[in-house]
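Undergrad: See input34.tsv below, with TSV, N, CA and C atoms.
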chain	number	residue	atom	x	y	z
O	2	MET	N	-24.29	-2.43	-0.13
O	2	MET	CA	-23.58	-2.19	-1.36
O	2	MET	C	-22.27	-2.98	-1.32
O	3	SER	N	-21.91	-3.57	-2.44
O	3	SER	CA	-20.69	-4.37	-2.50
O	3	SER	C	-19.45	-3.48	-2.47
O	4	ASN	N	-18.32	-4.07	-2.06
O	4	ASN	CA	-17.06	-3.33	-2.04
O	4	ASN	C	-16.70	-2.82	-3.43
O	5	LYS	N	-16.91	-3.66	-4.45
O	5	LYS	CA	-16.57	-3.27	-5.82
O	5	LYS	C	-17.42	-2.08	-6.25
O	6	LYS	N	-18.72	-2.14	-5.96
O	6	LYS	CA	-19.62	-1.04	-6.33
O	6	LYS	C	-19.24	0.24	-5.60
O	7	SER	N	-19.01	0.16	-4.29
O	7	SER	CA	-18.65	1.38	-3.56
O	7	SER	C	-17.30	1.91	-4.04
O	8	GLY	N	-16.38	1.02	-4.37
O	8	GLY	CA	-15.09	1.45	-4.91
O	8	GLY	C	-15.23	2.12	-6.25
O	9	ASN	N	-16.05	1.54	-7.13
O	9	ASN	CA	-16.29	2.14	-8.45
O	9	ASN	C	-16.98	3.50	-8.32
O	10	ASP	N	-17.92	3.59	-7.40
O	10	ASP	CA	-18.61	4.87	-7.18
O	10	ASP	C	-17.62	5.91	-6.69
O	11	PHE	N	-16.71	5.52	-5.79
O	11	PHE	CA	-15.72	6.46	-5.28
O	11	PHE	C	-14.77	6.92	-6.38
O	12	GLU	N	-14.37	6.02	-7.27
O	12	GLU	CA	-13.52	6.41	-8.39
O	12	GLU	C	-14.20	7.49	-9.23
O	13	LYS	N	-15.48	7.29	-9.52
O	13	LYS	CA	-16.24	8.28	-10.30
O	13	LYS	C	-16.35	9.60	-9.55
O	14	ASP	N	-16.63	9.53	-8.26
O	14	ASP	CA	-16.73	10.74	-7.45
O	14	ASP	C	-15.39	11.49	-7.42
O	15	PHE	N	-14.29	10.74	-7.27
O	15	PHE	CA	-12.97	11.36	-7.27
O	15	PHE	C	-12.71	12.07	-8.60
O	16	CYS	N	-13.04	11.42	-9.70
O	16	CYS	CA	-12.83	12.04	-11.02
O	16	CYS	C	-13.64	13.32	-11.17
O	17	LYS	N	-14.86	13.33	-10.65
O	17	LYS	CA	-15.68	14.54	-10.70
O	17	LYS	C	-15.03	15.66	-9.88
O	18	LEU	N	-14.53	15.33	-8.69
O	18	LEU	CA	-13.86	16.33	-7.84
O	18	LEU	C	-12.61	16.86	-8.53
O	19	ALA	N	-11.84	15.96	-9.12
O	19	ALA	CA	-10.61	16.37	-9.81
O	19	ALA	C	-10.96	17.26	-11.00
O	20	SER	N	-11.96	16.90	-11.74
O	20	SER	CA	-12.37	17.68	-12.90
O	20	SER	C	-12.81	19.09	-12.49
O	21	LYS	N	-13.58	19.18	-11.43
O	21	LYS	CA	-14.03	20.48	-10.93
O	21	LYS	C	-12.85	21.34	-10.49
O	22	ALA	N	-11.75	20.70	-10.07
O	22	ALA	CA	-10.55	21.43	-9.64
O	22	ALA	C	-9.60	21.73	-10.80
O	23	GLY	N	-10.04	21.47	-12.04
O	23	GLY	CA	-9.25	21.82	-13.21
O	23	GLY	C	-8.34	20.72	-13.74
O	24	PHE	N	-8.51	19.50	-13.27
O	24	PHE	CA	-7.71	18.36	-13.73
O	24	PHE	C	-8.44	17.66	-14.88
O	25	TRP	N	-7.67	17.00	-15.72
O	25	TRP	CA	-8.21	16.01	-16.64
O	25	TRP	C	-8.09	14.70	-15.88
O	26	ALA	N	-9.16	13.94	-15.81
O	26	ALA	CA	-9.17	12.69	-15.06
O	26	ALA	C	-9.73	11.57	-15.92
O	27	HIS	N	-9.08	10.41	-15.84
O	27	HIS	CA	-9.52	9.27	-16.64
O	27	HIS	C	-9.46	8.00	-15.78
O	28	ILE	N	-10.58	7.29	-15.72
O	28	ILE	CA	-10.63	6.01	-15.01
O	28	ILE	C	-10.06	4.94	-15.92
O	29	LEU	N	-9.12	4.18	-15.40
O	29	LEU	CA	-8.55	3.06	-16.14
O	29	LEU	C	-9.50	1.88	-16.03
O	30	GLN	N	-9.76	1.24	-17.13
O	30	GLN	CA	-10.68	0.11	-17.14
O	30	GLN	C	-9.99	-1.16	-16.66
O	31	ASP	N	-10.75	-2.02	-16.01
O	31	ASP	CA	-10.23	-3.33	-15.64
O	31	ASP	C	-9.74	-4.05	-16.89
O	32	ASN	N	-8.65	-4.79	-16.74
O	32	ASN	CA	-8.23	-5.64	-17.85
O	32	ASN	C	-7.81	-6.99	-17.29
O	33	HIS	N	-7.55	-7.91	-18.15
O	33	HIS	CA	-7.26	-9.28	-17.73
O	33	HIS	C	-5.94	-9.40	-16.98
O	34	ASN	N	-5.02	-8.49	-17.21
O	34	ASN	CA	-3.72	-8.54	-16.55
O	34	ASN	C	-3.69	-7.73	-15.26
O	35	GLY	N	-4.80	-7.15	-14.88
O	35	GLY	CA	-4.84	-6.30	-13.70
O	35	GLY	C	-4.50	-4.88	-14.08
O	36	GLN	N	-5.28	-3.95	-13.57
O	36	GLN	CA	-5.02	-2.56	-13.91
O	36	GLN	C	-3.93	-2.01	-13.00
O	37	PRO	N	-3.14	-1.05	-13.50
O	37	PRO	CA	-2.03	-0.53	-12.72
O	37	PRO	C	-2.47	0.40	-11.59
O	38	ALA	N	-3.62	0.98	-11.73
O	38	ALA	CA	-4.19	1.90	-10.74
O	38	ALA	C	-5.63	2.16	-11.19
O	39	ASP	N	-6.31	3.04	-10.48
O	39	ASP	CA	-7.70	3.32	-10.84
O	39	ASP	C	-7.85	4.49	-11.79
O	40	VAL	N	-7.03	5.53	-11.59
O	40	VAL	CA	-7.24	6.79	-12.29
O	40	VAL	C	-5.89	7.41	-12.64
O	41	ILE	N	-5.86	8.11	-13.75
O	41	ILE	CA	-4.76	9.00	-14.07
O	41	ILE	C	-5.34	10.40	-14.15
O	42	ILE	N	-4.69	11.35	-13.46
O	42	ILE	CA	-5.10	12.74	-13.57
O	42	ILE	C	-3.92	13.57	-14.05
O	43	THR	N	-4.22	14.65	-14.76
O	43	THR	CA	-3.18	15.55	-15.23
O	43	THR	C	-3.65	16.99	-15.09
O	44	LYS	N	-2.65	17.86	-14.92
O	44	LYS	CA	-2.92	19.30	-14.86
O	44	LYS	C	-1.59	20.02	-15.06
O	45	ASN	N	-1.58	21.00	-15.94
O	45	ASN	CA	-0.39	21.83	-16.17
O	45	ASN	C	0.85	21.00	-16.47
O	46	GLY	N	0.68	19.96	-17.27
O	46	GLY	CA	1.82	19.16	-17.70
O	46	GLY	C	2.35	18.17	-16.68
O	47	LYS	N	1.64	17.98	-15.58
O	47	LYS	CA	2.04	17.02	-14.56
O	47	LYS	C	0.93	15.99	-14.40
O	48	ALA	N	1.34	14.77	-14.10
O	48	ALA	CA	0.38	13.68	-13.99
O	48	ALA	C	0.51	12.98	-12.64
O	49	ALA	N	-0.54	12.29	-12.26
O	49	ALA	CA	-0.53	11.47	-11.06
O	49	ALA	C	-1.21	10.14	-11.38
O	50	LEU	N	-0.61	9.08	-10.88
O	50	LEU	CA	-1.20	7.75	-10.94
O	50	LEU	C	-1.89	7.53	-9.59
O	51	VAL	N	-3.19	7.29	-9.63
O	51	VAL	CA	-4.02	7.31	-8.42
O	51	VAL	C	-4.74	5.99	-8.25
O	52	ASP	N	-4.72	5.49	-7.02
O	52	ASP	CA	-5.58	4.37	-6.67
O	52	ASP	C	-6.53	4.84	-5.59
O	53	CYS	N	-7.81	4.60	-5.78
O	53	CYS	CA	-8.85	5.04	-4.85
O	53	CYS	C	-9.26	3.87	-3.95
O	54	LYS	N	-9.31	4.15	-2.65
O	54	LYS	CA	-9.75	3.13	-1.70
O	54	LYS	C	-10.82	3.71	-0.80
O	55	ASP	N	-11.96	3.04	-0.74
O	55	ASP	CA	-13.05	3.42	0.16
O	55	ASP	C	-12.80	2.70	1.49
O	56	CYS	N	-12.42	3.46	2.50
O	56	CYS	CA	-12.11	2.89	3.82
O	56	CYS	C	-13.35	3.01	4.70
O	57	GLU	N	-14.29	2.11	4.48
O	57	GLU	CA	-15.60	2.21	5.11
O	57	GLU	C	-15.55	2.24	6.63
O	58	LYS	N	-14.61	1.56	7.23
O	58	LYS	CA	-14.52	1.53	8.70
O	58	LYS	C	-13.36	2.38	9.20
O	59	ASP	N	-12.92	3.33	8.38
O	59	ASP	CA	-11.82	4.23	8.73
O	59	ASP	C	-10.52	3.49	9.03
O	60	ILE	N	-10.35	2.37	8.34
O	60	ILE	CA	-9.12	1.58	8.45
O	60	ILE	C	-8.64	1.28	7.04
O	61	PHE	N	-7.35	1.50	6.82
O	61	PHE	CA	-6.76	1.14	5.53
O	61	PHE	C	-5.80	-0.02	5.77
O	62	LEU	N	-6.17	-1.19	5.26
O	62	LEU	CA	-5.34	-2.39	5.37
O	62	LEU	C	-4.34	-2.41	4.23
O	63	PHE	N	-3.06	-2.57	4.56
O	63	PHE	CA	-2.03	-2.54	3.53
O	63	PHE	C	-2.13	-3.71	2.56
O	64	ASN	N	-2.82	-4.79	2.97
O	64	ASN	CA	-2.98	-5.89	2.02
O	64	ASN	C	-3.94	-5.51	0.89
O	65	ARG	N	-4.55	-4.32	0.97
O	65	ARG	CA	-5.39	-3.83	-0.13
O	65	ARG	C	-4.54	-3.23	-1.25
O	66	ILE	N	-3.24	-3.06	-1.00
O	66	ILE	CA	-2.35	-2.62	-2.08
O	66	ILE	C	-1.98	-3.88	-2.85
O	67	GLU	N	-2.53	-4.01	-4.03
O	67	GLU	CA	-2.34	-5.22	-4.83
O	67	GLU	C	-0.95	-5.23	-5.47
O	68	GLU	N	-0.45	-6.42	-5.73
O	68	GLU	CA	0.89	-6.56	-6.31
O	68	GLU	C	1.03	-5.78	-7.62
O	69	ASN	N	0.03	-5.87	-8.48
O	69	ASN	CA	0.12	-5.15	-9.76
O	69	ASN	C	0.13	-3.64	-9.55
O	70	GLN	N	-0.54	-3.14	-8.53
O	70	GLN	CA	-0.52	-1.72	-8.22
O	70	GLN	C	0.88	-1.32	-7.73
O	71	GLU	N	1.44	-2.11	-6.85
O	71	GLU	CA	2.78	-1.84	-6.33
O	71	GLU	C	3.80	-1.83	-7.47
O	72	LEU	N	3.74	-2.83	-8.34
O	72	LEU	CA	4.68	-2.92	-9.45
O	72	LEU	C	4.52	-1.73	-10.41
O	73	SER	N	3.29	-1.37	-10.71
O	73	SER	CA	3.04	-0.26	-11.63
O	73	SER	C	3.47	1.07	-11.04
O	74	MET	N	3.16	1.29	-9.78
O	74	MET	CA	3.54	2.56	-9.16
O	74	MET	C	5.05	2.67	-9.01
O	75	THR	N	5.70	1.56	-8.71
O	75	THR	CA	7.16	1.55	-8.61
O	75	THR	C	7.77	1.86	-9.97
O	76	LYS	N	7.25	1.24	-11.02
O	76	LYS	CA	7.75	1.49	-12.38
O	76	LYS	C	7.50	2.94	-12.79
O	77	TRP	N	6.33	3.48	-12.45
O	77	TRP	CA	5.99	4.87	-12.73
O	77	TRP	C	7.07	5.79	-12.15
O	78	LEU	N	7.44	5.53	-10.90
O	78	LEU	CA	8.46	6.36	-10.24
O	78	LEU	C	9.84	6.15	-10.85
O	79	LYS	N	10.19	4.90	-11.15
O	79	LYS	CA	11.51	4.60	-11.71
O	79	LYS	C	11.70	5.18	-13.10
O	80	THR	N	10.62	5.47	-13.79
O	80	THR	CA	10.74	6.02	-15.14
O	80	THR	C	10.69	7.55	-15.12
O	81	GLY	N	10.89	8.14	-13.94
O	81	GLY	CA	11.03	9.59	-13.85
O	81	GLY	C	9.76	10.35	-13.56
O	82	ASN	N	8.68	9.66	-13.33
O	82	ASN	CA	7.42	10.33	-12.99
O	82	ASN	C	7.35	10.55	-11.49
O	83	ARG	N	6.42	11.37	-11.09
O	83	ARG	CA	6.14	11.61	-9.67
O	83	ARG	C	4.66	11.36	-9.43
O	84	ASN	N	4.25	11.58	-8.22
O	84	ASN	CA	2.83	11.56	-7.88
O	84	ASN	C	2.16	10.22	-8.09
O	85	THR	N	2.55	9.25	-7.30
O	85	THR	CA	1.81	8.00	-7.19
O	85	THR	C	1.15	8.03	-5.82
O	86	VAL	N	-0.16	8.04	-5.81
O	86	VAL	CA	-0.86	8.26	-4.55
O	86	VAL	C	-2.05	7.32	-4.39
O	87	PHE	N	-2.39	7.14	-3.12
O	87	PHE	CA	-3.63	6.48	-2.77
O	87	PHE	C	-4.57	7.55	-2.23
O	88	VAL	N	-5.76	7.58	-2.79
O	88	VAL	CA	-6.79	8.51	-2.34
O	88	VAL	C	-7.75	7.68	-1.49
O	89	LEU	N	-7.84	8.06	-0.22
O	89	LEU	CA	-8.57	7.27	0.77
O	89	LEU	C	-9.84	8.00	1.20
O	90	LYS	N	-10.96	7.35	1.04
O	90	LYS	CA	-12.23	7.91	1.50
O	90	LYS	C	-12.46	7.42	2.92
O	91	VAL	N	-12.52	8.37	3.86
O	91	VAL	CA	-12.78	8.05	5.27
O	91	VAL	C	-13.95	8.90	5.74
O	92	SER	N	-14.41	8.66	6.95
O	92	SER	CA	-15.60	9.35	7.43
O	92	SER	C	-15.41	10.86	7.51
O	93	SER	N	-14.18	11.31	7.69
O	93	SER	CA	-13.93	12.75	7.82
O	93	SER	C	-13.63	13.43	6.49
O	94	GLY	N	-13.68	12.69	5.38
O	94	GLY	CA	-13.44	13.28	4.08
O	94	GLY	C	-12.55	12.41	3.22
O	95	VAL	N	-11.92	13.04	2.24
O	95	VAL	CA	-11.04	12.34	1.32
O	95	VAL	C	-9.60	12.76	1.60
O	96	ARG	N	-8.73	11.77	1.74
O	96	ARG	CA	-7.33	12.02	2.08
O	96	ARG	C	-6.43	11.46	0.98
O	97	VAL	N	-5.24	12.04	0.84
O	97	VAL	CA	-4.29	11.62	-0.18
O	97	VAL	C	-2.97	11.28	0.49
O	98	SER	N	-2.50	10.06	0.24
O	98	SER	CA	-1.25	9.59	0.84
O	98	SER	C	-0.33	9.06	-0.25
O	99	PRO	N	0.94	9.47	-0.23
O	99	PRO	CA	1.88	8.99	-1.24
O	99	PRO	C	2.10	7.48	-1.15
O	100	PHE	N	2.13	6.83	-2.29
O	100	PHE	CA	2.39	5.40	-2.36
O	100	PHE	C	3.70	5.04	-1.65
O	101	GLN	N	4.76	5.80	-1.90
O	101	GLN	CA	6.07	5.47	-1.34
O	101	GLN	C	6.04	5.48	0.18
O	102	LEU	N	5.31	6.41	0.78
O	102	LEU	CA	5.18	6.46	2.23
O	102	LEU	C	4.46	5.21	2.74
O	103	LEU	N	3.36	4.85	2.11
O	103	LEU	CA	2.62	3.66	2.52
O	103	LEU	C	3.47	2.41	2.35
O	104	TYR	N	4.20	2.34	1.25
O	104	TYR	CA	5.09	1.20	0.99
O	104	TYR	C	6.14	1.09	2.10
O	105	ASN	N	6.75	2.22	2.47
O	105	ASN	CA	7.77	2.22	3.52
O	105	ASN	C	7.20	1.81	4.87
O	106	LEU	N	6.01	2.28	5.20
O	106	LEU	CA	5.38	1.89	6.46
O	106	LEU	C	5.14	0.38	6.47
O	107	ARG	N	4.65	-0.14	5.36
O	107	ARG	CA	4.40	-1.59	5.26
O	107	ARG	C	5.70	-2.37	5.40
O	108	GLU	N	6.77	-1.89	4.78
O	108	GLU	CA	8.07	-2.56	4.87
O	108	GLU	C	8.61	-2.58	6.29
O	109	HIS	N	8.15	-1.64	7.12
O	109	HIS	CA	8.55	-1.61	8.53
O	109	HIS	C	7.58	-2.39	9.42
O	110	GLY	N	6.76	-3.22	8.82
O	110	GLY	CA	5.91	-4.13	9.58
O	110	GLY	C	4.54	-3.62	9.94
O	111	ILE	N	4.19	-2.42	9.52
O	111	ILE	CA	2.86	-1.91	9.80
O	111	ILE	C	1.89	-2.55	8.81
O	112	LYS	N	0.77	-3.04	9.33
O	112	LYS	CA	-0.18	-3.78	8.49
O	112	LYS	C	-1.42	-2.97	8.13
O	113	GLN	N	-1.67	-1.90	8.86
O	113	GLN	CA	-2.87	-1.10	8.60
O	113	GLN	C	-2.71	0.27	9.24
O	114	LEU	N	-3.55	1.19	8.79
O	114	LEU	CA	-3.63	2.52	9.39
O	114	LEU	C	-5.04	2.73	9.91
O	115	ASN	N	-5.15	3.26	11.14
O	115	ASN	CA	-6.46	3.67	11.63
O	115	ASN	C	-6.70	5.12	11.23
O	116	LEU	N	-7.82	5.69	11.59
O	116	LEU	CA	-8.16	7.04	11.14
O	116	LEU	C	-7.12	8.06	11.57
O	117	ASP	N	-6.69	8.01	12.83
O	117	ASP	CA	-5.68	8.97	13.30
O	117	ASP	C	-4.40	8.86	12.48
O	118	GLN	N	-3.99	7.66	12.16
O	118	GLN	CA	-2.78	7.46	11.35
O	118	GLN	C	-2.99	7.92	9.91
O	119	ILE	N	-4.16	7.64	9.37
O	119	ILE	CA	-4.47	8.11	8.02
O	119	ILE	C	-4.36	9.63	7.98
O	120	LEU	N	-4.92	10.30	8.97
O	120	LEU	CA	-4.85	11.76	9.01
O	120	LEU	C	-3.41	12.24	9.16
O	121	GLU	N	-2.61	11.51	9.92
O	121	GLU	CA	-1.20	11.88	10.13
O	121	GLU	C	-0.37	11.71	8.86
O	122	TYR	N	-0.62	10.67	8.10
O	122	TYR	CA	0.20	10.32	6.94
O	122	TYR	C	-0.43	10.74	5.61
O	123	SER	N	-1.25	11.77	5.62
O	123	SER	CA	-1.91	12.19	4.38
O	123	SER	C	-2.22	13.67	4.41
O	124	TRP	N	-2.64	14.15	3.23
O	124	TRP	CA	-3.16	15.50	3.10
O	124	TRP	C	-4.65	15.40	2.81
O	125	SER	N	-5.38	16.48	3.09
O	125	SER	CA	-6.75	16.51	2.62
O	125	SER	C	-6.70	16.60	1.09
O	126	LEU	N	-7.75	16.16	0.44
O	126	LEU	CA	-7.79	16.22	-1.02
O	126	LEU	C	-7.60	17.66	-1.50
O	127	GLU	N	-8.23	18.60	-0.82
O	127	GLU	CA	-8.13	20.00	-1.21
O	127	GLU	C	-6.69	20.49	-1.10
O	128	GLU	N	-6.01	20.17	0.01
O	128	GLU	CA	-4.60	20.58	0.18
O	128	GLU	C	-3.74	20.00	-0.93
O	129	TRP	N	-3.95	18.72	-1.21
O	129	TRP	CA	-3.12	18.06	-2.21
O	129	TRP	C	-3.36	18.65	-3.59
O	130	MET	N	-4.60	18.88	-3.93
O	130	MET	CA	-4.91	19.44	-5.25
O	130	MET	C	-4.38	20.87	-5.39
O	131	GLU	N	-4.50	21.66	-4.33
O	131	GLU	CA	-3.99	23.03	-4.37
O	131	GLU	C	-2.48	23.05	-4.56
O	132	GLY	N	-1.78	22.10	-3.97
O	132	GLY	CA	-0.33	22.06	-4.07
O	132	GLY	C	0.19	21.16	-5.18
O	133	PHE	N	-0.67	20.71	-6.06
O	133	PHE	CA	-0.28	19.72	-7.05
O	133	PHE	C	0.89	20.18	-7.91
O	134	ASP	N	0.88	21.42	-8.35
O	134	ASP	CA	1.96	21.91	-9.22
O	134	ASP	C	3.30	21.93	-8.51
O	135	GLU	N	3.29	22.21	-7.21
O	135	GLU	CA	4.52	22.24	-6.44
O	135	GLU	C	4.81	20.90	-5.76
O	136	ASN	N	3.80	20.04	-5.72
O	136	ASN	CA	3.86	18.79	-4.96
O	136	ASN	C	4.94	17.88	-5.51
O	137	ASN	N	5.81	17.44	-4.62
O	137	ASN	CA	6.85	16.49	-5.00
O	137	ASN	C	6.59	15.13	-4.38
O	138	SER	N	5.32	14.83	-4.09
O	138	SER	CA	5.03	13.56	-3.44
O	138	SER	C	5.42	12.41	-4.35
O	139	GLN	N	5.88	11.38	-3.74
O	139	GLN	CA	6.29	10.18	-4.46
O	139	GLN	C	5.17	9.17	-4.34
Let's see the structure in the file written out as structure tokens.
TA:
Amino acid sequence: MSNKKSGNDFEKDFCKLASKAGFWAHILQDNHNGQPADVIITKNGKAALVDCKDCEKDIFLFNRIEENQELSMTKWLKTGNRNTVFVLKVSSGVRVSPFQLLYNLREHGIKQLNLDQILEYSWSLEEWMEGFDENNSQ
């Protein structure tokens, strides 16, 4: 299966999981200027800008954060919004990591996260969704 196909399938799966947890979820369509992220979810008046990454080998390479995603997520935060996250599919499940944390790690010279690091720098999808209303993740 191609990376694009597995990524698209994961976006759909994530939206189904979010919907089952009471969120409204919408996949952003590709456009010629590059999409800002993959999905927007909302619940109880709060929104999150989400990018989904299928980490097939349990490694998340920071070069997978595209420039347009970085610019969009930064702008999202600068305009007073919260919850810009990367949702990472790994062998042990689905994990959620704040964009700002990943950005800071990259700025300190880290180029990738292995599974242990992904687990350290993220929440399980269930934990993140349960705490969404209180969540102040950036």
Undergrad: Would you list the contacts of segment 88-97 of chain O as a list in words, taking every protein, DNA or RNA residue within 6 Å and counting all atoms listed in the file, but skipping same-chain residues closer than 4 positions in sequence?
TA: Val51, Asp52, Cys53, Lys54, Asp55, Cys56, Glu57, Asp59, Tyr122, Ser123, Trp124, Ser125 and Leu126 of chain O
Undergrad: Which value, in Å to one decimal, gives the distance between atom CA of Ala26 of chain O and atom CA of Glu121 of chain O?
TA: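 Between these atoms lies a distance of 26.4 Å.
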Undergrad: Could you check which of O:Asn69, O:Thr80, O:Gln101, O:Thr85 is closest to Ile41 of chain O, using only C-alpha atoms?
TA: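 Of the candidates, the smallest distance to Ile41 of chain O is held by O:Thr85.
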Undergrad: For a test of reading the model, state the distance in Å between atom N of Leu102 of chain O and atom N of Leu116 of chain O, rounded to one decimal.
TA: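 It comes out at 17.0 Å.
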Undergrad: Give me, as a PDB file with N, CA and C atoms, in the frame of the given file, all polymer residues having an atom no more than 8 Å from Leu29 of chain O, counting only N, CA and C atoms and skipping those fewer than 4 positions away in the same chain.
TA:
ATOM      1  N   GLN O  36      -5.280  -3.950 -13.570  1.00  0.00           N
ATOM      2  CA  GLN O  36      -5.020  -2.560 -13.910  1.00  0.00           C
ATOM      3  C   GLN O  36      -3.930  -2.010 -13.000  1.00  0.00           C
ATOM      4  N   PRO O  37      -3.140  -1.050 -13.500  1.00  0.00           N
ATOM      5  CA  PRO O  37      -2.030  -0.530 -12.720  1.00  0.00           C
ATOM      6  C   PRO O  37      -2.470   0.400 -11.590  1.00  0.00           C
ATOM      7  N   ALA O  38      -3.620   0.980 -11.730  1.00  0.00           N
ATOM      8  CA  ALA O  38      -4.190   1.900 -10.740  1.00  0.00           C
ATOM      9  C   ALA O  38      -5.630   2.160 -11.190  1.00  0.00           C
ATOM     10  N   ASP O  39      -6.310   3.040 -10.480  1.00  0.00           N
ATOM     11  CA  ASP O  39      -7.700   3.320 -10.840  1.00  0.00           C
ATOM     12  C   ASP O  39      -7.850   4.490 -11.790  1.00  0.00           C
ATOM     13  N   VAL O  40      -7.030   5.530 -11.590  1.00  0.00           N
ATOM     14  CA  VAL O  40      -7.240   6.790 -12.290  1.00  0.00           C
ATOM     15  C   VAL O  40      -5.890   7.410 -12.640  1.00  0.00           C
ATOM     16  N   ILE O  41      -5.860   8.110 -13.750  1.00  0.00           N
ATOM     17  CA  ILE O  41      -4.760   9.000 -14.070  1.00  0.00           C
ATOM     18  C   ILE O  41      -5.340  10.400 -14.150  1.00  0.00           C
TER      19      ILE O  41
END
Undergrad: Rank nothing, just name the residue among O:Phe24, O:Ser98, O:Leu114, O:Leu62 nearest to Asn45 of chain O, using only N, CA and C atoms.
TA: O:Phe24
Undergrad: Around (0.6, 12.5, -2.5) in the file's frame, which residues reach within 6.5 Å when counting only N, CA and C atoms? Return as a PyMOL selection string?
TA: chain O and resi 84-87+97-100+138-139
Undergrad: From the DSSP assignment of the backbone, select every residue of chain O that is alpha helix (DSSP H), and format the answer as a count of residues only.
TA: 51
Undergrad: Enumerate, as a PyMOL selection string, the complete set of residues in segment 41-138 of chain O that a backbone-based DSSP assignment places in strand (DSSP E or B).
TA: chain O and resi 41-44+47-55+61-62+85-91+94-99+113-114+124-125
Undergrad: Next, the residues of the selection above should be written as a CSV table (one decimal), keeping the file's coordinate frame with N, CA and C atoms.
TA:
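Heads up, here's the output in selection.csv:
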chain,number,residue,atom,x,y,z
O,41,ILE,N,-5.9,8.1,-13.8
O,41,ILE,CA,-4.8,9.0,-14.1
O,41,ILE,C,-5.3,10.4,-14.2
O,42,ILE,N,-4.7,11.4,-13.5
O,42,ILE,CA,-5.1,12.7,-13.6
O,42,ILE,C,-3.9,13.6,-14.0
O,43,THR,N,-4.2,14.6,-14.8
O,43,THR,CA,-3.2,15.6,-15.2
O,43,THR,C,-3.6,17.0,-15.1
O,44,LYS,N,-2.6,17.9,-14.9
O,44,LYS,CA,-2.9,19.3,-14.9
O,44,LYS,C,-1.6,20.0,-15.1
O,47,LYS,N,1.6,18.0,-15.6
O,47,LYS,CA,2.0,17.0,-14.6
O,47,LYS,C,0.9,16.0,-14.4
O,48,ALA,N,1.3,14.8,-14.1
O,48,ALA,CA,0.4,13.7,-14.0
O,48,ALA,C,0.5,13.0,-12.6
O,49,ALA,N,-0.5,12.3,-12.3
O,49,ALA,CA,-0.5,11.5,-11.1
O,49,ALA,C,-1.2,10.1,-11.4
O,50,LEU,N,-0.6,9.1,-10.9
O,50,LEU,CA,-1.2,7.8,-10.9
O,50,LEU,C,-1.9,7.5,-9.6
O,51,VAL,N,-3.2,7.3,-9.6
O,51,VAL,CA,-4.0,7.3,-8.4
O,51,VAL,C,-4.7,6.0,-8.2
O,52,ASP,N,-4.7,5.5,-7.0
O,52,ASP,CA,-5.6,4.4,-6.7
O,52,ASP,C,-6.5,4.8,-5.6
O,53,CYS,N,-7.8,4.6,-5.8
O,53,CYS,CA,-8.8,5.0,-4.8
O,53,CYS,C,-9.3,3.9,-4.0
O,54,LYS,N,-9.3,4.2,-2.6
O,54,LYS,CA,-9.8,3.1,-1.7
O,54,LYS,C,-10.8,3.7,-0.8
O,55,ASP,N,-12.0,3.0,-0.7
O,55,ASP,CA,-13.0,3.4,0.2
O,55,ASP,C,-12.8,2.7,1.5
O,61,PHE,N,-7.4,1.5,6.8
O,61,PHE,CA,-6.8,1.1,5.5
O,61,PHE,C,-5.8,0.0,5.8
O,62,LEU,N,-6.2,-1.2,5.3
O,62,LEU,CA,-5.3,-2.4,5.4
O,62,LEU,C,-4.3,-2.4,4.2
O,85,THR,N,2.6,9.2,-7.3
O,85,THR,CA,1.8,8.0,-7.2
O,85,THR,C,1.2,8.0,-5.8
O,86,VAL,N,-0.2,8.0,-5.8
O,86,VAL,CA,-0.9,8.3,-4.6
O,86,VAL,C,-2.0,7.3,-4.4
O,87,PHE,N,-2.4,7.1,-3.1
O,87,PHE,CA,-3.6,6.5,-2.8
O,87,PHE,C,-4.6,7.6,-2.2
O,88,VAL,N,-5.8,7.6,-2.8
O,88,VAL,CA,-6.8,8.5,-2.3
O,88,VAL,C,-7.8,7.7,-1.5
O,89,LEU,N,-7.8,8.1,-0.2
O,89,LEU,CA,-8.6,7.3,0.8
O,89,LEU,C,-9.8,8.0,1.2
O,90,LYS,N,-11.0,7.4,1.0
O,90,LYS,CA,-12.2,7.9,1.5
O,90,LYS,C,-12.5,7.4,2.9
O,91,VAL,N,-12.5,8.4,3.9
O,91,VAL,CA,-12.8,8.0,5.3
O,91,VAL,C,-14.0,8.9,5.7
O,94,GLY,N,-13.7,12.7,5.4
O,94,GLY,CA,-13.4,13.3,4.1
O,94,GLY,C,-12.6,12.4,3.2
O,95,VAL,N,-11.9,13.0,2.2
O,95,VAL,CA,-11.0,12.3,1.3
O,95,VAL,C,-9.6,12.8,1.6
O,96,ARG,N,-8.7,11.8,1.7
O,96,ARG,CA,-7.3,12.0,2.1
O,96,ARG,C,-6.4,11.5,1.0
O,97,VAL,N,-5.2,12.0,0.8
O,97,VAL,CA,-4.3,11.6,-0.2
O,97,VAL,C,-3.0,11.3,0.5
O,98,SER,N,-2.5,10.1,0.2
O,98,SER,CA,-1.2,9.6,0.8
O,98,SER,C,-0.3,9.1,-0.2
O,99,PRO,N,0.9,9.5,-0.2
O,99,PRO,CA,1.9,9.0,-1.2
O,99,PRO,C,2.1,7.5,-1.2
O,113,GLN,N,-1.7,-1.9,8.9
O,113,GLN,CA,-2.9,-1.1,8.6
O,113,GLN,C,-2.7,0.3,9.2
O,114,LEU,N,-3.6,1.2,8.8
O,114,LEU,CA,-3.6,2.5,9.4
O,114,LEU,C,-5.0,2.7,9.9
O,124,TRP,N,-2.6,14.2,3.2
O,124,TRP,CA,-3.2,15.5,3.1
O,124,TRP,C,-4.6,15.4,2.8
O,125,SER,N,-5.4,16.5,3.1
O,125,SER,CA,-6.8,16.5,2.6
O,125,SER,C,-6.7,16.6,1.1
Undergrad: Which residue is closest to Arg83 of chain O? Choose from O:Gly46, O:Asp10, O:Leu120, O:Phe15 and count only C-alpha atoms.
TA: O:Gly46
Undergrad: For the atom pair atom C of Ile111 of chain O and atom CA of Glu68 of chain O, what is the interatomic distance in Å to one decimal place?
TA: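 Between atom C of Ile111 of chain O and atom CA of Glu68 of chain O the gap is 15.7 Å.
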